[in-house]
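Q: See work39.csv below, with CSV, C-alpha atoms.
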chain,number,residue,atom,x,y,z
A,182,ALA,CA,124.3,78.1,106.7
A,183,GLN,CA,120.6,78.0,107.3
A,184,LYS,CA,119.3,74.8,108.8
A,185,VAL,CA,115.7,75.6,107.7
A,186,THR,CA,115.1,77.1,104.3
A,187,GLN,CA,111.8,78.6,103.3
A,188,ALA,CA,112.6,79.9,99.9
A,189,GLN,CA,109.2,81.5,99.3
A,190,THR,CA,109.2,84.9,101.1
A,191,GLU,CA,105.6,85.7,100.0
A,192,ILE,CA,102.8,83.9,98.2
A,193,SER,CA,99.7,85.6,97.0
A,194,VAL,CA,96.7,83.5,95.9
A,195,VAL,CA,93.0,84.0,95.3
A,196,GLU,CA,90.5,82.3,97.6
A,197,LYS,CA,89.8,78.6,96.8
A,198,GLU,CA,93.2,78.1,95.2
A,199,ASP,CA,95.4,75.3,96.6
A,200,VAL,CA,98.8,76.5,97.8
A,201,THR,CA,102.0,74.7,98.9
A,202,LEU,CA,104.5,76.2,101.3
A,203,ASP,CA,108.0,74.7,100.9
A,204,CYS,CA,110.4,73.8,103.7
A,205,VAL,CA,113.8,72.3,103.3
A,206,TYR,CA,115.9,71.4,106.3
A,207,GLU,CA,119.5,70.4,107.0
A,208,THR,CA,120.7,68.1,109.8
A,209,ARG,CA,123.2,65.4,110.5
A,210,ASP,CA,121.1,63.9,113.4
A,211,THR,CA,119.1,60.8,113.0
A,212,THR,CA,116.6,61.9,115.6
A,213,TYR,CA,115.0,65.3,115.0
A,214,TYR,CA,111.6,66.9,114.9
A,215,LEU,CA,109.9,69.2,112.4
A,216,PHE,CA,107.1,71.7,113.0
A,217,TRP,CA,104.9,74.1,111.3
A,218,TYR,CA,103.5,77.2,113.0
A,219,LYS,CA,101.1,79.8,111.8
A,220,GLN,CA,101.4,83.5,112.8
A,221,PRO,CA,98.4,85.6,111.9
A,222,PRO,CA,98.6,89.4,112.0
A,223,SER,CA,97.6,89.3,115.7
A,224,GLY,CA,101.1,88.0,116.5
A,225,GLU,CA,100.6,84.8,118.3
A,226,LEU,CA,102.3,81.7,116.9
A,227,VAL,CA,99.9,78.8,116.6
A,228,PHE,CA,101.3,75.3,116.6
A,229,LEU,CA,100.0,73.3,113.6
A,230,ILE,CA,102.0,70.0,113.4
A,231,ARG,CA,104.9,68.1,114.8
A,232,ARG,CA,106.7,65.2,113.0
A,233,ASN,CA,109.6,63.1,114.2
A,234,SER,CA,112.3,61.9,111.9
A,235,PHE,CA,111.1,58.3,112.1
A,236,ASP,CA,107.6,59.0,110.9
A,237,GLU,CA,107.5,59.8,107.2
A,238,GLN,CA,103.7,59.2,107.0
A,239,ASN,CA,102.0,62.1,105.4
A,240,GLU,CA,99.3,63.8,107.4
A,241,ILE,CA,96.0,65.4,106.5
A,242,SER,CA,93.9,67.6,108.9
A,243,GLY,CA,90.9,69.2,107.2
A,244,ARG,CA,92.2,71.5,104.4
A,245,TYR,CA,95.8,71.1,105.6
A,246,SER,CA,98.2,68.4,104.6
A,247,TRP,CA,101.9,67.8,105.1
A,248,ASN,CA,104.4,65.9,103.0
A,249,PHE,CA,107.5,64.8,104.8
A,250,GLN,CA,110.3,63.3,102.5
A,251,LYS,CA,113.6,62.4,104.1
A,252,SER,CA,115.1,61.7,100.7
A,253,THR,CA,114.9,65.3,99.8
A,254,SER,CA,115.0,66.8,103.4
A,255,SER,CA,111.7,68.5,102.8
A,256,PHE,CA,108.6,69.0,104.9
A,257,ASN,CA,106.1,70.8,102.7
A,258,PHE,CA,102.7,72.1,103.7
A,259,THR,CA,99.7,72.3,101.4
A,260,ILE,CA,96.5,74.3,102.0
A,261,THR,CA,93.6,73.1,99.9
A,262,ALA,CA,90.9,75.5,98.9
A,263,SER,CA,92.5,78.4,100.7
A,264,GLN,CA,90.5,81.0,102.6
A,265,VAL,CA,91.1,84.6,103.6
A,266,VAL,CA,91.5,83.4,107.2
A,267,ASP,CA,94.6,81.4,106.1
A,268,SER,CA,96.4,84.7,105.5
A,269,ALA,CA,99.4,84.6,107.9
A,270,VAL,CA,103.1,84.0,108.1
A,271,TYR,CA,103.9,80.3,108.3
A,272,PHE,CA,107.1,79.2,109.9
A,273,CYS,CA,108.7,75.8,109.5
A,274,ALA,CA,111.0,74.8,112.4
A,275,LEU,CA,113.6,72.0,113.1
A,276,SER,CA,114.6,70.7,116.5
A,277,GLU,CA,117.8,68.8,116.9
A,278,SER,CA,119.4,67.6,120.1
A,279,THR,CA,121.8,70.1,121.6
A,280,GLY,CA,123.2,68.8,124.9
A,281,GLY,CA,120.0,66.9,125.5
A,282,SER,CA,117.7,69.8,124.7
A,283,TYR,CA,115.6,70.1,121.6
A,284,ILE,CA,115.3,73.8,120.8
A,285,PRO,CA,113.7,74.7,117.5
A,286,THR,CA,115.4,76.6,114.8
A,287,PHE,CA,112.9,78.6,112.7
A,288,GLY,CA,113.0,79.3,109.0
A,289,ARG,CA,112.5,82.8,107.9
A,290,GLY,CA,108.8,82.3,107.3
A,291,THR,CA,106.5,82.5,104.3
A,292,SER,CA,103.9,85.2,104.2
A,293,LEU,CA,100.7,83.9,102.6
A,294,ILE,CA,98.1,86.4,101.4
A,295,VAL,CA,94.8,85.0,100.3
A,296,HIS,CA,92.6,87.5,98.4
A,297,PRO,CA,88.8,87.2,98.4
B,260,ASP,CA,93.5,74.3,127.8
B,261,THR,CA,96.5,75.3,125.6
B,262,GLU,CA,96.6,78.9,126.6
B,263,VAL,CA,99.7,81.0,127.4
B,264,THR,CA,98.9,84.5,128.6
B,265,GLN,CA,101.1,87.5,128.5
B,266,THR,CA,100.8,91.0,130.0
B,267,PRO,CA,100.9,93.7,129.0
B,268,LYS,CA,99.8,93.5,125.3
B,269,HIS,CA,101.6,96.8,124.6
B,270,LEU,CA,104.3,98.6,126.4
B,271,VAL,CA,106.0,102.0,125.7
B,272,MET,CA,109.0,102.8,127.9
B,273,GLY,CA,111.8,105.2,128.0
B,274,MET,CA,115.4,104.2,128.0
B,275,THR,CA,115.7,104.9,131.8
B,276,ASN,CA,112.6,103.0,132.8
B,277,LYS,CA,112.3,99.7,134.5
B,278,LYS,CA,109.4,97.5,133.5
B,279,SER,CA,108.5,93.8,133.6
B,280,LEU,CA,106.8,91.5,131.1
B,281,LYS,CA,104.7,88.6,132.5
B,282,CYS,CA,103.8,85.2,131.2
B,283,GLU,CA,101.7,82.5,132.6
B,284,GLN,CA,100.7,79.0,131.6
B,285,HIS,CA,98.6,76.4,133.4
B,286,MET,CA,99.3,73.4,131.2
B,287,GLY,CA,101.7,71.8,133.6
B,288,HIS,CA,104.6,72.5,131.2
B,289,ARG,CA,108.1,72.3,132.7
B,290,ALA,CA,109.9,74.4,130.0
B,291,MET,CA,109.3,78.0,129.3
B,292,TYR,CA,110.9,80.3,126.8
B,293,TRP,CA,111.4,84.0,125.9
B,294,TYR,CA,111.7,85.0,122.3
B,295,LYS,CA,112.3,88.4,120.6
B,296,GLN,CA,110.8,88.9,117.2
B,297,LYS,CA,111.5,91.8,114.9
B,298,ALA,CA,109.1,92.7,112.0
B,299,LYS,CA,109.3,90.2,109.1
B,300,LYS,CA,111.8,88.0,111.0
B,301,PRO,CA,111.5,84.6,112.7
B,302,PRO,CA,111.4,84.5,116.5
B,303,GLU,CA,114.8,84.7,118.1
B,304,LEU,CA,115.4,82.6,121.2
B,305,MET,CA,116.5,84.6,124.3
B,306,PHE,CA,116.1,82.3,127.4
B,307,VAL,CA,115.0,78.8,128.3
B,308,TYR,CA,113.8,77.7,131.7
B,309,SER,CA,113.6,74.1,132.5
B,310,TYR,CA,112.0,73.0,135.8
B,311,GLU,CA,112.2,76.7,137.0
B,312,LYS,CA,116.0,76.9,136.4
B,313,LEU,CA,117.6,78.9,133.7
B,314,SER,CA,119.1,76.4,131.3
B,315,ILE,CA,119.8,78.5,128.2
B,316,ASN,CA,120.8,82.1,127.8
B,317,GLU,CA,121.5,83.0,124.2
B,318,SER,CA,124.0,85.7,125.1
B,319,VAL,CA,121.3,88.2,125.8
B,320,PRO,CA,122.5,91.6,127.2
B,321,SER,CA,122.1,92.1,130.9
B,322,ARG,CA,119.5,94.8,130.5
B,323,PHE,CA,117.1,91.8,130.0
B,324,SER,CA,116.8,89.8,133.2
B,325,PRO,CA,114.5,86.7,133.3
B,326,GLU,CA,112.9,85.2,136.4
B,327,CYS,CA,110.8,82.1,136.9
B,328,PRO,CA,109.1,82.4,140.3
B,329,ASN,CA,107.3,79.1,139.9
B,330,SER,CA,106.4,76.5,137.3
B,331,SER,CA,103.5,78.5,135.9
B,332,LEU,CA,105.1,82.0,135.8
B,333,LEU,CA,107.8,83.6,133.8
B,334,ASN,CA,108.9,87.2,134.0
B,335,LEU,CA,111.2,89.3,131.9
B,336,HIS,CA,112.6,92.4,133.7
B,337,LEU,CA,113.7,95.3,131.5
B,338,HIS,CA,116.1,98.0,132.5
B,339,ALA,CA,117.9,100.7,130.5
B,340,LEU,CA,116.7,99.4,127.1
B,341,GLN,CA,117.8,100.8,123.8
B,342,PRO,CA,115.5,101.8,120.9
B,343,GLU,CA,116.7,98.8,119.0
B,344,ASP,CA,115.2,96.5,121.6
B,345,SER,CA,111.7,97.5,120.3
B,346,ALA,CA,110.1,94.3,119.2
B,347,LEU,CA,107.4,91.7,119.8
B,348,TYR,CA,108.4,89.6,122.9
B,349,LEU,CA,106.9,86.2,122.9
B,350,CYS,CA,106.6,83.7,125.7
B,351,ALA,CA,106.2,80.0,125.0
B,352,SER,CA,106.0,76.8,127.0
B,353,SER,CA,106.4,73.1,126.2
B,354,ARG,CA,106.1,69.9,128.2
B,355,GLY,CA,109.9,69.7,128.5
B,356,ARG,CA,113.1,70.5,126.7
B,357,GLY,CA,113.6,67.0,125.4
B,358,GLN,CA,111.7,64.9,122.9
B,359,GLY,CA,111.2,67.8,120.6
B,360,TYR,CA,107.9,68.8,122.2
B,361,GLU,CA,105.9,71.4,120.4
B,362,GLN,CA,105.7,74.9,121.9
B,363,TYR,CA,102.6,76.9,122.8
B,364,PHE,CA,103.0,80.6,122.4
B,365,GLY,CA,101.4,83.6,124.1
B,366,PRO,CA,100.0,86.6,122.1
B,367,GLY,CA,103.2,88.6,122.8
B,368,THR,CA,104.0,92.0,124.2
B,369,ARG,CA,104.7,94.7,121.6
B,370,LEU,CA,107.4,96.8,123.2
B,371,THR,CA,108.4,100.2,122.0
B,372,VAL,CA,111.5,101.9,123.5
B,373,THR,CA,111.6,105.7,123.1
Take the structure I supplied and represent it as structure tokens, if you would.
A:
Amino acid sequence: AQKVTQAQTEISVVEKEDVTLDCVYETRDTTYYLFWYKQPPSGELVFLIRRNSFDEQNEISGRYSWNFQKSTSSFNFTITASQVVDSAVYFCALSESTGGSYIPTFGRGTSLIVHP
Amino acid sequence: DTEVTQTPKHLVMGMTNKKSLKCEQHMGHRAMYWYKQKAKKPPELMFVYSYEKLSINESVPSRFSPECPNSSLLNLHLHALQPEDSALYLCASSRGRGQGYEQYFGPGTRLTVT
């Protein structure tokens, strides 16, 4: 079973639209970490945000915001007023403790295409 | 500075060649990783080094041989690869293996095996 589910394979929007990328995770641990990474066509994964399981506070960074809800095991990512430069594959990841190590498990990714 | 560098950017090699991929970070991170990524798939973990020691090997075939000469450098030696090994190889680093630290990735090496 997948531990991180990104049900949206591809989303296509027009510039200035708001878009939400969904992430649902599964874990039995009480301590875990959630991440979002962006992978533009150039290939490099760029770290966007890290959240630990004890911090359910939502976060906003410019046009980006994240909604963490433990009750639904979700960590969704919203881009407000999308821009062409936001076009990329976005990965949600979960880190649980495995023998003292926290190694992330990545979701399958959501490809976001923003049209001008 | 949150930069991880990787060389070369592109590599084409035959199945009998021996080549190496290089990765470097100067963030003082103590954990370094190799990932393999096929098109339209998430990164797939290959190896983890912690304090310059191999700590995780995800059952990777022996034709891939990692090496960590010091805390800033990570190599991946390639020998007798197969065409199905063609992929984007990503290096990453983090402050450590514990605490769920975020990873910083390099731009990757696009490997083609002919």
Q: My list of candidates is A:Gly224, A:Ser292, A:Ser252, A:Glu237. Which is closest to His269 of chain B when distances are computed with all atoms listed in the file?
A: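 The answer is A:Gly224, which sits nearest to His269 of chain B.
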Q: Give the residues of chain A that lie within 12 Å of chain B; count only C-alpha atoms, and format the answer as a ChimeraX atom specification.
A: /A:185-187,190-191,212-234,269-292
Q: From the set A:Ser268, A:Cys204, A:His296, A:Thr211, which residue has the shortest atom-to-atom contact distance to Trp247 of chain A, counting all atoms listed in the file?
A: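 Of all the options, A:Cys204 lies closest to Trp247 of chain A.
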Q: Just want the 7 Å neighbourhood of Ser324 of chain B, counted on all atoms listed in the file, with same-chain residues fewer than 4 positions away dropped. Output as a PDB file with C-alpha atoms, in the frame of the given file.
A:
ATOM      1  CA  LEU B 335     111.200  89.300 131.900  1.00  0.00           C
ATOM      2  CA  HIS B 336     112.600  92.400 133.700  1.00  0.00           C
ATOM      3  CA  LEU B 337     113.700  95.300 131.500  1.00  0.00           C
TER       4      LEU B 337
END
Q: Atom CA of Thr266 of chain B to atom CA of Ser321 of chain B: how many Å, to one decimal?
A: 21.3 Å
Q: Of the candidates B:His285, B:Phe306, B:Asn276, B:Glu311, which one gets nearest to Pro325 of chain B if we count only C-alpha atoms?
A: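 Among the listed residues, B:Phe306 lies closest to Pro325 of chain B.
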